[in-house]
file data_1.txt (compact mmCIF, C-alpha atoms)
# COMPACT_ATOMS: atom_id res chain seq x y z
CA MET A 1 93.36 63.50 246.44
CA ASP A 2 92.17 61.09 243.70
CA ARG A 3 94.53 58.33 242.66
CA MET A 4 96.26 58.98 239.38
CA LYS A 5 94.73 56.80 236.66
CA ILE A 6 97.34 55.31 234.35
CA LEU A 7 97.24 52.97 231.37
CA LEU A 8 100.51 51.14 230.59
CA VAL A 9 100.86 49.80 227.04
CA ASP A 10 103.72 47.49 226.10
CA ASP A 11 103.90 44.10 224.41
CA GLU A 12 106.42 42.80 226.99
CA LYS A 13 103.99 41.26 229.50
CA GLU A 14 106.50 40.75 232.34
CA PHE A 15 107.72 44.32 232.00
CA VAL A 16 104.31 45.95 231.94
CA SER A 17 102.80 43.85 234.75
CA THR A 18 105.78 44.40 237.09
CA LEU A 19 105.84 48.11 236.37
CA ALA A 20 102.10 48.23 237.09
CA GLU A 21 102.68 46.60 240.49
CA ARG A 22 105.36 49.16 241.32
CA LEU A 23 103.09 52.06 240.42
CA GLU A 24 100.21 50.54 242.38
CA LEU A 25 102.49 50.39 245.43
CA ARG A 26 102.78 54.15 244.94
CA ASN A 27 99.04 54.50 245.19
CA MET A 28 98.30 54.82 241.48
CA ASN A 29 95.37 53.21 239.71
CA VAL A 30 96.96 51.24 236.88
CA SER A 31 95.56 49.20 234.01
CA ILE A 32 97.60 47.47 231.33
CA ALA A 33 97.29 46.64 227.64
CA MET A 34 99.58 44.45 225.59
CA ASP A 35 99.00 46.08 222.20
CA GLY A 36 97.60 49.16 220.52
CA GLU A 37 94.17 47.73 219.77
CA ALA A 38 93.66 46.63 223.39
CA ALA A 39 94.84 50.05 224.57
CA LEU A 40 92.25 51.82 222.42
CA VAL A 41 89.49 49.62 223.90
CA VAL A 42 90.54 50.68 227.42
CA VAL A 43 90.68 54.34 226.38
CA GLU A 44 87.18 54.05 224.90
CA ASN A 45 85.59 52.26 227.88
CA ASP A 46 87.50 53.52 230.90
CA PRO A 47 89.62 56.52 229.88
CA PRO A 48 92.82 57.01 231.89
CA GLN A 49 94.39 60.38 232.69
CA ILE A 50 97.78 59.33 231.39
CA VAL A 51 98.91 56.65 228.96
CA VAL A 52 102.47 55.32 229.08
CA LEU A 53 102.94 53.92 225.61
CA ASP A 54 105.72 51.86 224.04
CA VAL A 55 106.56 53.09 220.54
CA MET A 56 107.68 49.78 219.08
CA MET A 57 104.89 47.22 219.22
CA PRO A 58 103.52 44.60 216.87
CA GLY A 59 100.35 45.69 215.04
CA LEU A 60 99.57 49.36 215.53
CA SER A 61 102.73 51.29 216.33
CA GLY A 62 102.91 53.51 219.40
CA LEU A 63 102.79 56.62 217.21
CA GLU A 64 99.62 55.38 215.46
CA VAL A 65 98.02 54.62 218.84
CA LEU A 66 99.03 58.07 220.08
CA GLU A 67 97.27 59.74 217.15
CA LYS A 68 94.11 57.70 217.74
CA ILE A 69 94.09 58.43 221.48
CA LYS A 70 94.47 62.15 220.82
CA SER A 71 91.61 62.08 218.30
CA MET A 72 89.41 60.24 220.85
CA ASP A 73 90.23 62.53 223.79
CA SER A 74 92.85 65.24 223.42
CA LYS A 75 92.97 65.77 227.20
CA ILE A 76 94.59 62.38 227.82
CA GLN A 77 98.34 62.82 228.32
CA VAL A 78 100.67 60.37 226.64
CA ILE A 79 104.23 59.54 227.68
CA LEU A 80 106.11 57.50 225.08
CA LEU A 81 108.70 54.83 225.76
CA THR A 82 111.39 54.58 223.08
CA GLY A 83 114.55 52.58 222.63
CA HIS A 84 118.07 54.01 222.39
CA GLY A 85 118.74 55.15 218.87
CA ALA A 86 115.04 55.86 218.42
CA THR A 87 114.84 59.30 219.99
CA LYS A 88 113.51 60.63 216.67
CA ASP A 89 110.35 58.61 217.40
CA GLY A 90 110.06 60.41 220.74
CA ILE A 91 110.48 63.80 219.07
CA ARG A 92 107.98 62.87 216.35
CA GLY A 93 105.59 61.74 219.11
CA MET A 94 105.84 65.11 220.84
CA GLN A 95 105.01 66.78 217.54
CA LEU A 96 101.92 64.57 217.45
CA GLY A 97 100.88 65.68 220.92
CA ALA A 98 102.74 63.39 223.35
CA PHE A 99 103.59 65.04 226.66
CA ASP A 100 107.12 63.64 226.70
CA TYR A 101 109.16 60.51 226.05
CA LEU A 102 111.46 58.28 228.09
CA ILE A 103 114.15 55.89 226.92
CA LYS A 104 113.80 52.23 227.91
CA PRO A 105 114.84 50.72 230.29
CA ILE A 106 113.29 53.46 232.39
CA ASP A 107 114.13 54.78 235.82
CA ILE A 108 111.07 54.54 238.08
CA ASP A 109 111.75 57.89 239.78
CA GLU A 110 112.04 59.59 236.39
CA LEU A 111 108.78 58.00 235.27
CA ILE A 112 106.97 59.14 238.42
CA GLU A 113 108.32 62.67 237.96
CA LYS A 114 107.01 62.70 234.38
CA LEU A 115 103.65 61.28 235.47
CA ASN A 116 103.30 64.03 238.09
CA GLU A 117 104.25 66.71 235.56
CA ALA A 118 101.80 65.30 233.03
CA ALA A 119 99.01 65.17 235.63
CA LYS A 120 99.66 68.78 236.64
CA SER A 121 99.60 70.01 233.06
CA MET A 122 96.29 68.37 232.20
CA PRO A 123 93.86 70.83 230.67
CA MET B 124 133.85 49.49 200.40
CA ASN B 125 132.21 47.68 197.53
CA HIS B 126 128.46 47.22 197.24
CA LEU B 127 128.39 43.61 198.51
CA LYS B 128 130.61 44.38 201.50
CA ARG B 129 128.42 47.37 202.34
CA LYS B 130 125.34 45.14 202.18
CA GLU B 131 127.01 42.59 204.46
CA VAL B 132 127.91 45.26 207.00
CA ALA B 133 124.38 46.70 206.86
CA PHE B 134 122.97 43.20 207.40
CA LEU B 135 125.17 42.55 210.43
CA GLY B 136 124.31 45.98 211.79
CA LYS B 137 120.58 45.45 211.41
CA ILE B 138 120.60 42.04 213.10
CA THR B 139 122.83 43.26 215.93
CA ALA B 140 120.66 46.33 216.51
CA GLY B 141 117.56 44.11 216.69
CA ILE B 142 119.22 41.82 219.22
CA THR B 143 120.31 44.74 221.41
CA HIS B 144 116.64 45.79 221.62
CA GLU B 145 115.77 42.29 222.80
CA ILE B 146 118.55 42.32 225.41
CA LYS B 147 117.32 45.70 226.61
CA ASN B 148 113.82 44.32 227.05
CA VAL B 149 115.29 41.52 229.18
CA LEU B 150 117.23 44.08 231.24
CA ALA B 151 114.10 46.20 231.63
CA ILE B 152 112.20 43.22 233.06
CA ILE B 153 115.04 42.35 235.47
CA GLN B 154 115.23 46.03 236.46
CA GLU B 155 111.52 46.28 237.22
CA SER B 156 111.46 42.93 239.04
CA SER B 157 114.40 43.80 241.29
CA GLY B 158 112.91 47.29 241.71
CA LEU B 159 109.67 45.72 242.89
CA MET B 160 111.61 43.66 245.43
CA GLU B 161 113.26 46.86 246.69
CA ASP B 162 109.87 48.56 246.91
CA ILE B 163 108.50 45.69 249.00
CA LEU B 164 111.57 45.69 251.27
CA ASP B 165 111.19 49.45 251.70
CA ILE B 166 107.68 49.09 253.06
CA THR B 167 108.59 46.12 255.27
CA GLU B 168 109.29 47.07 258.87
CA ASP B 169 112.74 46.30 260.25
CA GLY B 170 112.97 42.99 262.05
CA ILE B 171 110.11 41.35 260.15
CA PHE B 172 112.12 40.33 257.10
CA PRO B 173 115.12 38.15 258.01
CA HIS B 174 118.41 39.13 256.35
CA LYS B 175 116.87 42.33 254.99
CA ASP B 176 120.28 44.06 254.82
CA LYS B 177 121.76 41.25 252.77
CA PHE B 178 118.84 41.41 250.35
CA ILE B 179 119.23 45.17 249.99
CA LYS B 180 122.95 44.79 249.30
CA SER B 181 122.28 42.05 246.76
CA LEU B 182 119.63 44.12 245.01
CA ASP B 183 122.07 47.05 244.88
CA ARG B 184 124.55 44.80 243.09
CA ILE B 185 121.87 43.66 240.65
CA ARG B 186 120.97 47.30 239.98
CA GLY B 187 124.63 48.12 239.26
CA GLN B 188 124.97 45.22 236.86
CA ILE B 189 121.72 46.13 235.09
CA GLN B 190 123.11 49.63 234.53
CA ARG B 191 126.34 48.11 233.21
CA GLY B 192 124.32 45.93 230.84
CA ILE B 193 122.30 48.93 229.69
CA ASP B 194 125.48 50.96 229.00
CA VAL B 195 127.09 48.15 227.01
CA THR B 196 123.99 47.36 224.96
CA SER B 197 123.40 51.08 224.29
CA ARG B 198 126.93 51.37 222.90
CA LEU B 199 126.52 48.17 220.93
CA ASN B 200 123.23 49.45 219.55
CA ARG B 201 124.84 52.71 218.47
CA PHE B 202 127.74 50.78 216.97
CA ALA B 203 125.30 48.54 215.08
CA HIS B 204 123.63 51.64 213.65
CA SER B 205 127.02 52.90 212.37
CA SER B 206 126.33 51.36 209.00
CA ASP B 207 122.98 53.16 208.56
CA HIS B 208 124.48 56.18 206.80
CA CYS B 209 127.69 56.58 204.85
CA PRO B 210 129.30 59.02 204.76
CA ALA B 211 127.97 60.47 208.01
CA SER B 212 128.70 63.47 210.16
CA LEU B 213 130.79 62.14 213.05
CA ASP B 214 131.82 63.66 216.35
CA LEU B 215 135.29 62.25 217.04
CA ASN B 216 134.72 62.56 220.81
CA GLU B 217 131.67 60.33 220.54
CA ILE B 218 133.48 57.81 218.34
CA THR B 219 136.40 57.52 220.77
CA GLU B 220 134.16 57.28 223.84
CA GLN B 221 132.16 54.56 222.12
CA MET B 222 135.30 52.64 221.19
CA VAL B 223 136.62 52.85 224.78
CA LEU B 224 133.53 51.01 225.99
CA LEU B 225 133.48 48.49 223.16
CA ALA B 226 137.19 47.64 223.24
CA SER B 227 137.84 47.86 226.99
CA ARG B 228 137.54 44.12 227.44
CA PHE B 229 140.36 43.49 224.96
CA ALA B 230 142.58 45.94 226.85
CA ARG B 231 141.60 44.52 230.24
CA LEU B 232 142.90 41.10 229.20
CA LYS B 233 146.37 42.72 229.06
CA ASN B 234 145.82 44.75 232.22
CA ILE B 235 145.73 47.88 230.11
CA VAL B 236 143.30 50.70 230.84
CA LEU B 237 141.59 52.23 227.83
CA GLU B 238 140.38 55.80 228.10
CA SER B 239 139.49 58.79 225.97
CA SER B 240 140.56 62.39 226.22
CA PRO B 241 137.93 64.46 224.41
CA SER B 242 138.81 67.51 222.37
CA ASP B 243 137.35 70.88 223.21
CA PRO B 244 135.68 72.02 221.01
CA PRO B 245 134.56 68.68 219.55
CA LEU B 246 135.89 67.81 216.09
CA ILE B 247 133.22 66.93 213.57
CA ILE B 248 134.14 65.26 210.30
CA LYS B 249 132.22 63.67 207.44
CA SER B 250 133.48 60.14 207.03
CA ASP B 251 132.69 56.44 206.74
CA PRO B 252 131.72 55.45 210.31
CA VAL B 253 132.38 51.72 210.03
CA SER B 254 135.81 52.12 208.42
CA LEU B 255 136.78 54.81 210.92
CA GLU B 256 135.78 52.61 213.85
CA MET B 257 137.75 49.79 212.24
CA ALA B 258 140.85 51.99 211.91
CA LEU B 259 140.55 52.99 215.55
CA PHE B 260 140.16 49.40 216.67
CA GLU B 261 143.08 48.24 214.49
CA SER B 262 145.26 50.91 216.11
CA ILE B 263 144.27 49.75 219.60
CA GLU B 264 144.98 46.15 218.61
CA ILE B 265 148.43 47.08 217.29
CA LEU B 266 149.34 48.69 220.61
CA LEU B 267 147.89 45.80 222.61
CA ASN B 268 149.92 43.33 220.59
CA VAL B 269 153.29 45.03 220.51
CA MET B 270 153.39 46.63 223.94
CA GLY B 271 153.79 44.87 227.26
CA SER B 272 151.19 44.24 229.89
CA GLY B 273 149.84 47.07 232.07
CA GLY B 274 149.69 50.80 231.46
CA LYS B 275 147.17 52.94 229.69
CA ILE B 276 146.02 53.59 226.12
CA THR B 277 144.45 56.99 225.55
CA LEU B 278 142.35 57.91 222.53
CA SER B 279 142.61 61.61 221.91
CA PRO B 280 141.02 63.45 219.00
CA ARG B 281 142.75 66.75 218.37
CA LYS B 282 143.97 69.18 215.74
CA ILE B 283 147.58 69.07 214.63
CA GLN B 284 148.54 71.88 212.25
CA ASP B 285 144.91 72.39 211.27
CA LYS B 286 144.42 68.69 210.51
CA CYS B 287 141.94 66.42 212.31
CA VAL B 288 143.86 63.68 214.07
CA LEU B 289 142.91 60.73 216.21
CA GLY B 290 145.76 59.87 218.55
CA ILE B 291 146.03 56.39 220.04
CA GLY B 292 148.81 56.62 222.60
CA TYR B 293 150.32 54.15 225.02
CA GLU B 294 151.47 55.51 228.36
CA ASN B 295 153.67 53.14 230.26
CA ASN B 296 157.13 52.93 228.84
CA VAL B 297 159.22 55.13 226.63
CA LEU B 298 160.13 53.73 223.23
CA PRO B 299 162.04 55.63 220.52
CA GLU B 300 159.98 56.25 217.42
CA GLU B 301 162.24 54.09 215.21
CA ASP B 302 162.03 51.15 217.61
CA PHE B 303 158.27 51.46 217.82
CA MET B 304 158.02 51.67 214.05
CA ALA B 305 160.30 48.63 213.67
CA LYS B 306 158.06 46.69 216.03
CA ILE B 307 154.81 47.43 214.27
CA SER B 308 155.73 47.92 210.60
CA SER B 309 156.14 44.21 209.92
CA THR B 310 152.75 43.33 211.38
CA GLU B 311 149.75 42.49 209.22
CA ARG B 312 147.63 44.84 211.32
CA TRP B 313 149.79 47.82 210.43
CA THR B 314 149.44 47.00 206.70
CA SER B 315 145.72 46.58 207.19
CA LEU B 316 145.49 49.90 209.06
CA GLN B 317 147.35 51.65 206.22
CA LYS B 318 144.78 50.28 203.75
CA THR B 319 141.84 51.32 205.92
CA MET B 320 143.28 54.81 206.29
CA ALA B 321 143.90 55.07 202.54
CA PHE B 322 140.24 54.15 201.99
CA LEU B 323 139.28 56.95 204.40
CA GLY B 324 141.46 59.39 202.48
CA GLY B 325 143.88 59.71 205.39
CA THR B 326 147.17 58.35 206.71
CA ALA B 327 148.49 56.57 209.79
CA LYS B 328 151.77 57.69 211.32
CA VAL B 329 153.67 57.07 214.52
CA PHE B 330 154.94 59.79 216.75
CA GLY B 331 157.04 60.60 219.72
CA LEU B 332 158.93 58.84 222.42
CA ALA B 333 155.81 57.58 224.12
CA PRO B 334 154.39 55.33 221.41
CA GLU B 335 151.43 56.93 219.69
CA ILE B 336 149.66 56.12 216.43
CA LEU B 337 148.25 59.20 214.75
CA LEU B 338 145.37 58.83 212.32
CA TYR B 339 145.23 61.88 210.05
CA LEU B 340 141.70 62.27 208.71
CA PRO B 341 140.27 64.49 206.00
CA GLU B 342 137.44 66.73 207.18
CA SER B 343 135.18 65.31 204.51
CA ILE B 344 135.02 62.37 202.12
CA ASP B 345 132.93 62.14 198.94
CA ASP B 346 129.48 60.53 198.98

call {"tool": "encode", "arguments": {"input": "data_1.txt", "output": "structure tokens"}}
result
Amino acid sequence: MDRMKILLVDDEKEFVSTLAERLELRNMNVSIAMDGEAALVVVENDPPQIVVLDVMMPGLSGLEVLEKIKSMDSKIQVILLTGHGATKDGIRGMQLGAFDYLIKPIDIDELIEKLNEAAKSMP
Amino acid sequence: MNHLKRKEVAFLGKITAGITHEIKNVLAIIQESSGLMEDILDITEDGIFPHKDKFIKSLDRIRGQIQRGIDVTSRLNRFAHSSDHCPASLDLNEITEQMVLLASRFARLKNIVLESSPSDPPLIIKSDPVSLEMALFESIEILLNVMGSGGKITLSPRKIQDKCVLGIGYENNVLPEEDFMAKISSTERWTSLQKTMAFLGGTAKVFGLAPEILLYLPESIDD
């Protein structure tokens, strides 16, 4: 079975790089981006199957990036990361086409479950 | 609350909410880093890594403390957002549960356990969240200051004769109502609580042999 191809997008470098290592240990193919613009470059050049995307980032917001990703390739699944008290962003994201959202700090098992569900539901 | 006070509260709320996000980011990084260590230990064969058991135990403790930090910052974040809307629709069970977590430390210093006893069904009122939280905290402080060490304070929203009431009761010793009233009525906090409750359109009373402060709240206040 092919390795799941994930793009992690978050402006917290230590968070995103450590999470990437953990997913790689679980046999996933992971790339990272520190902001929305960098994420869109990765999506353009080496499209992932699933993007895990922080909502609150400097520059383009997660919701803006989500809209752009969906307009570039609607098949890419997006899982949003929101903060507590920002669940309305998650709900808004799902209205814009996100697969689901998780509240930070995340539980790795919950993330993997969502990634598997998102991979299965890919058109 | 006058306009300036409201602005001050909103300012404090905004700054606090922003800081809780930062703390959560720190916790998220610690969580992932300790999680990575656990992952590596998991794939390391027994006997190769010296003191593996001790590391696992230590990482378990870190995980527990991260969760504790997440719970506290989540409550603090919600508390900081209290000033976002006023009046707001408030679930009294949620308010009491939140206050238990935020005020537990103050109770712990007197060896008192703070807990909530939710109402079923939940009571929803339209009120000023910050002032209501303040009234609840003032009530807890009154009990902490006039009662002895040890025992339990229970926050229990309920209906009494069709009125929404928040009960703040102390379960340890029995004290006649008059004696309890005599103890608290001269305190500044009691006067302050009366003012807060008047602002909320309600009243504070004491009740029963087991000391309990009852906050009578209107179901709705004007915008």

call {"tool": "residues_around", "arguments": {"input": "data_1.txt", "residues": "Ala305 (chain B)", "least_positions_apart": "6", "cutoff": "12 Å", "atoms": "all atoms listed in the file", "output": "PyMOL selection string"}}
result
chain B and resi 269+298-299+313+329+334

call {"tool": "write_last_selection", "arguments": {"input": "data_1.txt", "atoms": "C-alpha atoms", "output": "mmCIF file, in the coordinates of the input"}}
result
data_model
loop_
_atom_site.group_PDB
_atom_site.id
_atom_site.type_symbol
_atom_site.label_atom_id
_atom_site.label_comp_id
_atom_site.auth_asym_id
_atom_site.auth_seq_id
_atom_site.Cartn_x
_atom_site.Cartn_y
_atom_site.Cartn_z
ATOM 1 C CA VAL B 269 153.290 45.030 220.510
ATOM 2 C CA LEU B 298 160.130 53.730 223.230
ATOM 3 C CA PRO B 299 162.040 55.630 220.520
ATOM 4 C CA TRP B 313 149.790 47.820 210.430
ATOM 5 C CA VAL B 329 153.670 57.070 214.520
ATOM 6 C CA PRO B 334 154.390 55.330 221.410
#

call {"tool": "closest_residue", "arguments": {"input": "data_1.txt", "among": "B:Phe172, B:Phe330, B:Tyr293, B:Phe202", "to": "Met257 (chain B)", "atoms": "only C-alpha atoms"}}
result
B:Phe202

call {"tool": "atom_distance", "arguments": {"input": "data_1.txt", "atom1": "CA of Ala118 (chain A)", "atom2": "CA of Val43 (chain A)"}}
result
17.0 Å

call {"tool": "atom_distance", "arguments": {"input": "data_1.txt", "atom1": "CA of Leu337 (chain B)", "atom2": "CA of Ser197 (chain B)"}}
result
27.8 Å

call {"tool": "closest_residue", "arguments": {"input": "data_1.txt", "among": "A:Thr18, A:Gln77, A:Ser121, A:Asn116", "to": "Ile32 (chain A)", "atoms": "only C-alpha atoms"}}
result
A:Thr18

call {"tool": "residues_around", "arguments": {"input": "data_1.txt", "residues": "Val288 (chain B)", "least_positions_apart": "3", "cutoff": "7 Å", "atoms": "all atoms listed in the file", "output": "PyMOL selection string"}}
result
chain B and resi 280-283+337-340

call {"tool": "interface_residues", "arguments": {"input": "data_1.txt", "of": "chain A", "to": "chain B", "cutoff": "12 Å", "atoms": "all atoms listed in the file", "output": "tab-separated table (two decimals) with C-alpha atoms, keeping the file's coordinate frame"}}
result
chain	number	residue	atom	x	y	z
A	10	ASP	CA	103.72	47.49	226.10
A	11	ASP	CA	103.90	44.10	224.41
A	12	GLU	CA	106.42	42.80	226.99
A	13	LYS	CA	103.99	41.26	229.50
A	14	GLU	CA	106.50	40.75	232.34
A	15	PHE	CA	107.72	44.32	232.00
A	16	VAL	CA	104.31	45.95	231.94
A	17	SER	CA	102.80	43.85	234.75
A	18	THR	CA	105.78	44.40	237.09
A	19	LEU	CA	105.84	48.11	236.37
A	20	ALA	CA	102.10	48.23	237.09
A	21	GLU	CA	102.68	46.60	240.49
A	22	ARG	CA	105.36	49.16	241.32
A	23	LEU	CA	103.09	52.06	240.42
A	24	GLU	CA	100.21	50.54	242.38
A	25	LEU	CA	102.49	50.39	245.43
A	26	ARG	CA	102.78	54.15	244.94
A	54	ASP	CA	105.72	51.86	224.04
A	56	MET	CA	107.68	49.78	219.08
A	81	LEU	CA	108.70	54.83	225.76
A	82	THR	CA	111.39	54.58	223.08
A	83	GLY	CA	114.55	52.58	222.63
A	84	HIS	CA	118.07	54.01	222.39
A	85	GLY	CA	118.74	55.15	218.87
A	86	ALA	CA	115.04	55.86	218.42
A	103	ILE	CA	114.15	55.89	226.92
A	104	LYS	CA	113.80	52.23	227.91
A	105	PRO	CA	114.84	50.72	230.29
A	106	ILE	CA	113.29	53.46	232.39
A	107	ASP	CA	114.13	54.78	235.82
A	108	ILE	CA	111.07	54.54	238.08
A	109	ASP	CA	111.75	57.89	239.78

call {"tool": "atom_distance", "arguments": {"input": "data_1.txt", "atom1": "CA of Phe303 (chain B)", "atom2": "CA of Ser239 (chain B)"}}
result
21.7 Å

call {"tool": "decode", "arguments": {"input": "data_1.txt", "residues": "region 23-95 of chain A", "atoms": "C-alpha atoms", "output": "compact mmCIF listing (two decimals), in the first residue's frame"}}
result
# COMPACT_ATOMS: atom_id res chain seq x y z
CA LEU A 23 3.89 10.69 11.50
CA GLU A 24 6.97 9.55 9.56
CA LEU A 25 7.58 6.94 12.26
CA ARG A 26 4.10 5.70 11.36
CA ASN A 27 5.17 5.25 7.77
CA MET A 28 3.62 8.41 6.36
CA ASN A 29 5.24 10.66 3.78
CA VAL A 30 5.20 14.10 5.38
CA SER A 31 6.21 17.54 4.18
CA ILE A 32 5.87 20.75 6.15
CA ALA A 33 5.15 24.43 5.49
CA MET A 34 5.38 27.29 7.94
CA ASP A 35 2.79 29.58 6.35
CA GLY A 36 -0.03 29.67 3.84
CA GLU A 37 2.03 30.92 0.91
CA ALA A 38 4.63 28.16 1.36
CA ALA A 39 1.83 25.59 1.66
CA LEU A 40 0.31 26.68 -1.66
CA VAL A 41 3.72 26.28 -3.36
CA VAL A 42 3.92 22.68 -2.09
CA VAL A 43 0.35 21.98 -3.21
CA GLU A 44 1.17 23.36 -6.67
CA ASN A 45 4.45 21.46 -7.13
CA ASP A 46 3.99 18.24 -5.20
CA PRO A 47 0.31 17.85 -4.26
CA PRO A 48 -0.34 15.90 -1.06
CA GLN A 49 -3.40 13.71 -0.43
CA ILE A 50 -4.19 15.41 2.85
CA VAL A 51 -3.31 18.81 4.29
CA VAL A 52 -3.35 19.37 8.05
CA LEU A 53 -3.76 23.10 8.32
CA ASP A 54 -3.61 25.49 11.27
CA VAL A 55 -6.37 28.09 11.12
CA MET A 56 -4.56 30.90 12.90
CA MET A 57 -1.39 31.85 11.05
CA PRO A 58 0.31 35.10 10.13
CA GLY A 59 -0.30 36.18 6.52
CA LEU A 60 -2.93 34.09 4.79
CA SER A 61 -5.30 32.58 7.33
CA GLY A 62 -5.97 28.85 7.37
CA LEU A 63 -9.46 29.41 5.97
CA GLU A 64 -8.06 31.47 3.06
CA VAL A 65 -5.48 28.76 2.35
CA LEU A 66 -8.23 26.13 2.48
CA GLU A 67 -10.26 27.97 -0.15
CA LYS A 68 -7.22 28.29 -2.42
CA ILE A 69 -6.28 24.61 -2.03
CA LYS A 70 -9.83 23.55 -2.88
CA SER A 71 -9.84 25.77 -5.97
CA MET A 72 -6.50 24.27 -7.07
CA ASP A 73 -7.49 20.63 -6.48
CA SER A 74 -10.82 19.81 -4.87
CA LYS A 75 -9.74 16.19 -4.28
CA ILE A 76 -7.17 17.18 -1.65
CA GLN A 77 -8.60 16.61 1.83
CA VAL A 78 -8.01 19.26 4.46
CA ILE A 79 -8.09 18.77 8.23
CA LEU A 80 -8.07 22.05 10.16
CA LEU A 81 -6.41 22.69 13.50
CA THR A 82 -8.22 25.25 15.64
CA GLY A 83 -7.78 26.61 19.14
CA HIS A 84 -10.28 26.26 21.98
CA GLY A 85 -12.92 28.92 21.69
CA ALA A 86 -12.46 28.93 17.92
CA THR A 87 -14.65 25.98 16.98
CA LYS A 88 -16.70 28.33 14.79
CA ASP A 89 -13.62 28.51 12.53
CA GLY A 90 -13.67 24.72 12.29
CA ILE A 91 -17.35 24.71 11.41
CA ARG A 92 -16.85 27.50 8.87
CA GLY A 93 -13.95 25.49 7.42
CA MET A 94 -16.16 22.45 6.95
CA GLN A 95 -18.67 24.64 5.13
